[in-house]
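Structure below is data32.cif: mmCIF, C-alpha atoms, pLDDT in the B column; chains and numbers go by the auth columns.
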data_upload
loop_
_atom_site.group_PDB
_atom_site.id
_atom_site.type_symbol
_atom_site.label_atom_id
_atom_site.label_comp_id
_atom_site.label_asym_id
_atom_site.label_seq_id
_atom_site.Cartn_x
_atom_site.Cartn_y
_atom_site.Cartn_z
_atom_site.B_iso_or_equiv
_atom_site.auth_seq_id
_atom_site.auth_asym_id
ATOM 1 C CA MET A 1 104.957 -104.491 181.360 62.00 1 Q
ATOM 2 C CA ARG A 2 102.374 -101.883 182.140 79.00 2 Q
ATOM 3 C CA THR A 3 99.884 -103.974 184.078 87.00 3 Q
ATOM 4 C CA ASP A 4 98.920 -102.638 187.516 91.00 4 Q
ATOM 5 C CA PRO A 5 99.258 -105.628 189.856 92.00 5 Q
ATOM 6 C CA VAL A 6 96.854 -104.123 192.404 93.00 6 Q
ATOM 7 C CA SER A 7 94.165 -104.052 189.715 94.00 7 Q
ATOM 8 C CA VAL A 8 94.799 -107.711 188.941 96.00 8 Q
ATOM 9 C CA VAL A 9 94.368 -108.819 192.564 97.00 9 Q
ATOM 10 C CA HIS A 10 91.531 -106.339 193.173 96.00 10 Q
ATOM 11 C CA ASP A 11 89.568 -107.479 190.114 97.00 11 Q
ATOM 12 C CA TYR A 12 90.084 -111.142 190.964 98.00 12 Q
ATOM 13 C CA LEU A 13 88.900 -110.748 194.567 97.00 13 Q
ATOM 14 C CA ARG A 14 85.956 -108.552 193.487 96.00 14 Q
ATOM 15 C CA SER A 15 84.868 -111.386 191.184 97.00 15 Q
ATOM 16 C CA GLN A 16 84.345 -113.600 194.245 97.00 16 Q
ATOM 17 C CA PRO A 17 80.696 -113.111 195.324 97.00 17 Q
ATOM 18 C CA GLU A 18 81.478 -113.673 199.017 95.00 18 Q
ATOM 19 C CA LEU A 19 84.129 -110.903 199.032 96.00 19 Q
ATOM 20 C CA ALA A 20 82.931 -108.373 196.434 93.00 20 Q
ATOM 21 C CA HIS A 21 81.209 -106.127 198.983 90.00 21 Q
ATOM 22 C CA ALA A 22 84.387 -105.572 200.993 92.00 22 Q
ATOM 23 C CA VAL A 23 87.301 -105.384 198.510 93.00 23 Q
ATOM 24 C CA THR A 24 88.876 -101.982 197.895 89.00 24 Q
ATOM 25 C CA GLY A 25 92.068 -100.557 196.420 75.00 25 Q
ATOM 26 C CA ASP A 26 91.875 -97.398 198.533 75.00 26 Q
ATOM 27 C CA MET A 27 90.366 -96.252 201.789 71.00 27 Q
ATOM 28 C CA VAL A 28 88.478 -93.263 200.375 73.00 28 Q
ATOM 29 C CA GLY A 29 85.012 -93.073 201.876 74.00 29 Q
ATOM 30 C CA ARG A 30 85.552 -95.995 204.230 70.00 30 Q
ATOM 31 C CA GLU A 31 84.151 -95.551 207.709 75.00 31 Q
ATOM 32 C CA PRO A 32 84.814 -97.800 210.701 75.00 32 Q
ATOM 33 C CA PRO A 33 83.417 -100.385 211.402 77.00 33 Q
ATOM 34 C CA GLU A 34 82.823 -101.338 207.743 84.00 34 Q
ATOM 35 C CA THR A 35 84.276 -104.738 206.914 91.00 35 Q
ATOM 36 C CA THR A 36 87.043 -104.000 204.418 91.00 36 Q
ATOM 37 C CA ILE A 37 89.637 -105.969 202.444 94.00 37 Q
ATOM 38 C CA TYR A 38 92.299 -103.438 201.480 93.00 38 Q
ATOM 39 C CA ILE A 39 94.717 -104.315 198.666 95.00 39 Q
ATOM 40 C CA GLU A 40 97.980 -102.350 198.422 95.00 40 Q
ATOM 41 C CA HIS A 41 101.134 -102.608 196.311 94.00 41 Q
ATOM 42 C CA ALA A 42 104.084 -103.129 198.667 94.00 42 Q
ATOM 43 C CA GLY A 43 106.924 -103.526 196.160 89.00 43 Q
ATOM 44 C CA GLY A 44 108.336 -106.067 193.762 89.00 44 Q
ATOM 45 C CA PHE A 45 110.651 -106.166 190.777 80.00 45 Q
ATOM 46 C CA ARG A 46 111.059 -107.201 187.142 81.00 46 Q
ATOM 47 C CA VAL A 47 111.929 -110.897 187.080 78.00 47 Q
ATOM 48 C CA VAL A 48 112.349 -111.439 183.335 77.00 48 Q
ATOM 49 C CA ARG A 49 113.003 -108.488 181.036 76.00 49 Q
ATOM 50 C CA ASP A 50 109.859 -107.391 179.181 75.00 50 Q
ATOM 51 C CA SER A 51 107.936 -110.515 180.129 77.00 51 Q
ATOM 52 C CA MET A 52 107.396 -111.147 183.859 84.00 52 Q
ATOM 53 C CA ASP A 53 106.976 -109.012 186.967 91.00 53 Q
ATOM 54 C CA ARG A 54 106.855 -109.945 190.614 93.00 54 Q
ATOM 55 C CA ALA A 55 104.543 -107.719 192.634 95.00 55 Q
ATOM 56 C CA ASP A 56 104.414 -107.830 196.410 97.00 56 Q
ATOM 57 C CA ILE A 57 100.822 -107.216 197.467 97.00 57 Q
ATOM 58 C CA THR A 58 99.691 -106.468 201.010 97.00 58 Q
ATOM 59 C CA VAL A 59 96.207 -107.550 202.010 97.00 59 Q
ATOM 60 C CA GLN A 60 94.707 -106.045 205.162 96.00 60 Q
ATOM 61 C CA VAL A 61 91.311 -107.133 206.432 96.00 61 Q
ATOM 62 C CA TYR A 62 89.371 -104.900 208.838 94.00 62 Q
ATOM 63 C CA SER A 63 86.291 -105.898 210.810 94.00 63 Q
ATOM 64 C CA GLN A 64 84.463 -104.989 213.963 92.00 64 Q
ATOM 65 C CA HIS A 65 84.711 -108.654 214.984 94.00 65 Q
ATOM 66 C CA ARG A 66 88.046 -110.446 215.298 96.00 66 Q
ATOM 67 C CA ASP A 67 86.702 -113.826 214.196 97.00 67 Q
ATOM 68 C CA GLU A 68 85.257 -112.312 211.016 96.00 68 Q
ATOM 69 C CA ALA A 69 88.530 -110.509 210.230 96.00 69 Q
ATOM 70 C CA ALA A 70 90.478 -113.752 210.709 98.00 70 Q
ATOM 71 C CA ALA A 71 88.059 -115.820 208.623 97.00 71 Q
ATOM 72 C CA LEU A 72 88.160 -113.321 205.734 97.00 72 Q
ATOM 73 C CA ALA A 73 91.948 -112.988 205.877 98.00 73 Q
ATOM 74 C CA TYR A 74 92.434 -116.738 205.669 98.00 74 Q
ATOM 75 C CA ARG A 75 89.809 -117.072 202.914 98.00 75 Q
ATOM 76 C CA VAL A 76 91.605 -114.405 200.849 98.00 76 Q
ATOM 77 C CA ARG A 77 94.897 -116.204 201.470 98.00 77 Q
ATOM 78 C CA GLU A 78 93.402 -119.497 200.292 98.00 78 Q
ATOM 79 C CA LEU A 79 91.982 -117.948 197.105 98.00 79 Q
ATOM 80 C CA LEU A 80 95.195 -116.109 196.229 98.00 80 Q
ATOM 81 C CA LEU A 81 97.485 -119.092 196.800 98.00 81 Q
ATOM 82 C CA GLU A 82 95.282 -121.897 195.500 98.00 82 Q
ATOM 83 C CA ASP A 83 92.895 -120.438 192.922 98.00 83 Q
ATOM 84 C CA LEU A 84 94.490 -117.345 191.361 98.00 84 Q
ATOM 85 C CA PRO A 85 97.602 -118.987 189.793 98.00 85 Q
ATOM 86 C CA GLY A 86 97.014 -119.795 186.139 97.00 86 Q
ATOM 87 C CA ARG A 87 94.131 -117.352 185.738 97.00 87 Q
ATOM 88 C CA ARG A 88 93.859 -114.590 183.175 97.00 88 Q
ATOM 89 C CA ILE A 89 92.641 -111.348 184.757 97.00 89 Q
ATOM 90 C CA GLY A 90 92.125 -108.623 182.190 94.00 90 Q
ATOM 91 C CA LYS A 91 95.304 -108.478 180.094 93.00 91 Q
ATOM 92 C CA ALA A 92 97.408 -110.219 182.757 95.00 92 Q
ATOM 93 C CA LEU A 93 98.188 -113.889 183.153 96.00 93 Q
ATOM 94 C CA VAL A 94 98.960 -114.835 186.748 97.00 94 Q
ATOM 95 C CA LEU A 95 101.762 -117.377 186.602 96.00 95 Q
ATOM 96 C CA ASP A 96 102.112 -118.023 190.321 97.00 96 Q
ATOM 97 C CA VAL A 97 101.423 -116.628 193.774 98.00 97 Q
ATOM 98 C CA ALA A 98 103.750 -117.147 196.746 98.00 98 Q
ATOM 99 C CA GLU A 99 103.142 -116.270 200.362 98.00 99 Q
ATOM 100 C CA GLY A 100 105.396 -113.639 201.885 97.00 100 Q
ATOM 101 C CA ILE A 101 103.647 -113.169 205.237 97.00 101 Q
ATOM 102 C CA SER A 102 100.749 -115.299 206.417 98.00 102 Q
ATOM 103 C CA PRO A 103 97.856 -113.313 207.931 98.00 103 Q
ATOM 104 C CA GLN A 104 98.827 -111.936 211.308 98.00 104 Q
ATOM 105 C CA TYR A 105 96.758 -110.043 213.840 98.00 105 Q
ATOM 106 C CA ALA A 106 97.460 -106.307 213.615 96.00 106 Q
ATOM 107 C CA PRO A 107 94.700 -104.277 215.304 94.00 107 Q
ATOM 108 C CA ASP A 108 94.307 -100.743 213.998 88.00 108 Q
ATOM 109 C CA SER A 109 95.696 -98.308 216.581 87.00 109 Q
ATOM 110 C CA THR A 110 93.470 -95.434 215.456 87.00 110 Q
ATOM 111 C CA SER A 111 90.062 -97.013 214.896 85.00 111 Q
ATOM 112 C CA ARG A 112 90.603 -99.888 217.352 87.00 112 Q
ATOM 113 C CA GLU A 113 89.182 -102.283 214.753 92.00 113 Q
ATOM 114 C CA HIS A 114 90.356 -105.846 214.441 95.00 114 Q
ATOM 115 C CA SER A 115 92.695 -106.291 211.498 96.00 115 Q
ATOM 116 C CA TYR A 116 94.723 -109.080 209.912 98.00 116 Q
ATOM 117 C CA LEU A 117 97.633 -108.277 207.608 97.00 117 Q
ATOM 118 C CA GLY A 118 99.303 -110.589 205.096 98.00 118 Q
ATOM 119 C CA GLU A 119 101.447 -110.334 201.968 98.00 119 Q
ATOM 120 C CA VAL A 120 101.798 -112.325 198.765 98.00 120 Q
ATOM 121 C CA ALA A 121 104.110 -112.154 195.786 97.00 121 Q
ATOM 122 C CA VAL A 122 102.185 -112.299 192.493 97.00 122 Q
ATOM 123 C CA PHE A 123 104.084 -113.306 189.359 96.00 123 Q
ATOM 124 C CA ILE A 124 102.374 -111.865 186.280 96.00 124 Q
ATOM 125 C CA THR A 125 102.923 -111.480 182.581 94.00 125 Q
ATOM 126 C CA GLU A 126 100.865 -109.788 179.905 88.00 126 Q
ATOM 127 C CA GLY A 127 99.064 -112.345 177.865 74.00 127 Q
#

Starting from the file, lay out its structure as structure tokens.
Amino acid sequence: MRTDPVSVVHDYLRSQPELAHAVTGDMVGREPPETTIYIEHAGGFRVVRDSMDRADITVQVYSQHRDEAAALAYRVRELLLEDLPGRRIGKALVLDVAEGISPQYAPDSTSREHSYLGEVAVFITEG
């Protein structure tokens, strides 16, 4: 498979009107205290030869306000676990999403912003 799993998750979250303003796949041009939902590939592996990949995706939410960061992190978690499975995003079919790490408070040591960090495993195939 040649599908970029970050693009799959990024495009899905950007399609959600409530999140579109904050979702990014990189931190280029971001300035604190902009509310940001950062999507990053953390690992994974080929599950079934030539037909299914598992991608571990880290989601980190930054905000000037802790309650906003928490609310966004848990909303993203809900969407990824409950709404994304079974959806076709571009050329990828998302078969399932499993939680690796539920959102946990991880304030940024440099910017001093509030941040929540979580991880999901996304099972995708080209379809």

Using the chain letters and numbers from the file, which residues does the PyMOL selection byres ((chain Q and resi 55-70) around 8) grab, as a VMD selection string? chain Q and resid 5 to 6 32 to 45 53 to 54 71 to 74 103 105 113 to 124

*State, in Å with one decimal place, the distance from atom CA of Q:Ala20 to atom CA of Q:Glu78.*
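Computing the Euclidean distance for atom CA of Q:Ala20 and atom CA of Q:Glu78 yields 15.8 Å.
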
Explicit residue set for the PyMOL selection byres ((chain Q and resi 79-86) around 9), as an mmCIF file with C-alpha atoms, in the coordinates of the input:
data_model
loop_
_atom_site.group_PDB
_atom_site.id
_atom_site.type_symbol
_atom_site.label_atom_id
_atom_site.label_comp_id
_atom_site.auth_asym_id
_atom_site.auth_seq_id
_atom_site.Cartn_x
_atom_site.Cartn_y
_atom_site.Cartn_z
ATOM 1 C CA VAL Q 9 94.368 -108.819 192.564
ATOM 2 C CA TYR Q 12 90.084 -111.142 190.964
ATOM 3 C CA LEU Q 13 88.900 -110.748 194.567
ATOM 4 C CA TYR Q 74 92.434 -116.738 205.669
ATOM 5 C CA ARG Q 75 89.809 -117.072 202.914
ATOM 6 C CA VAL Q 76 91.605 -114.405 200.849
ATOM 7 C CA ARG Q 77 94.897 -116.204 201.470
ATOM 8 C CA GLU Q 78 93.402 -119.497 200.292
ATOM 9 C CA ARG Q 87 94.131 -117.352 185.738
ATOM 10 C CA ARG Q 88 93.859 -114.590 183.175
ATOM 11 C CA LEU Q 93 98.188 -113.889 183.153
ATOM 12 C CA VAL Q 94 98.960 -114.835 186.748
ATOM 13 C CA LEU Q 95 101.762 -117.377 186.602
ATOM 14 C CA ASP Q 96 102.112 -118.023 190.321
ATOM 15 C CA VAL Q 97 101.423 -116.628 193.774
ATOM 16 C CA ALA Q 98 103.750 -117.147 196.746
ATOM 17 C CA GLU Q 99 103.142 -116.270 200.362
ATOM 18 C CA VAL Q 120 101.798 -112.325 198.765
ATOM 19 C CA VAL Q 122 102.185 -112.299 192.493
ATOM 20 C CA PHE Q 123 104.084 -113.306 189.359
#

May I ask which of the residues Q:Asp26, Q:Glu31, Q:Ile89, Q:Ser51 is the closest one to Q:Asp11, counting all atoms listed in the file?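 Answer, going by the shortest atom-to-atom distance: Q:Ile89.
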
query = Could you state the separation of atom CA of Q:Glu18 and atom CA of Q:Lys91 in Å, given to one decimal place?
reply =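 According to the coordinates, atom CA of Q:Glu18 and atom CA of Q:Lys91 are separated by 24.0 Å.
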
What does the distance between atom CA of Q:Gln104 and atom CA of Q:Ala92 come to in Å, to one decimal place?
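These atoms are spaced 28.6 Å apart.
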
Output, as JSON, the centre and edge lengths in Å (one decimal) of the axis-aligned box that contains all listed atoms of stretch 89-105 of chain Q with 5 Å of margin on each side.
{"center_x": 98.8, "center_y": -113.3, "center_z": 197.0, "size_x": 23.3, "size_y": 19.5, "size_z": 43.7}

task: Rank nothing, just name the residue among Q:Ser7, Q:Met52, Q:Gly25, Q:Pro17 nearest to Q:Thr125, using all atoms listed in the file.
output: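 Closest to Q:Thr125 of all the choices is Q:Met52.
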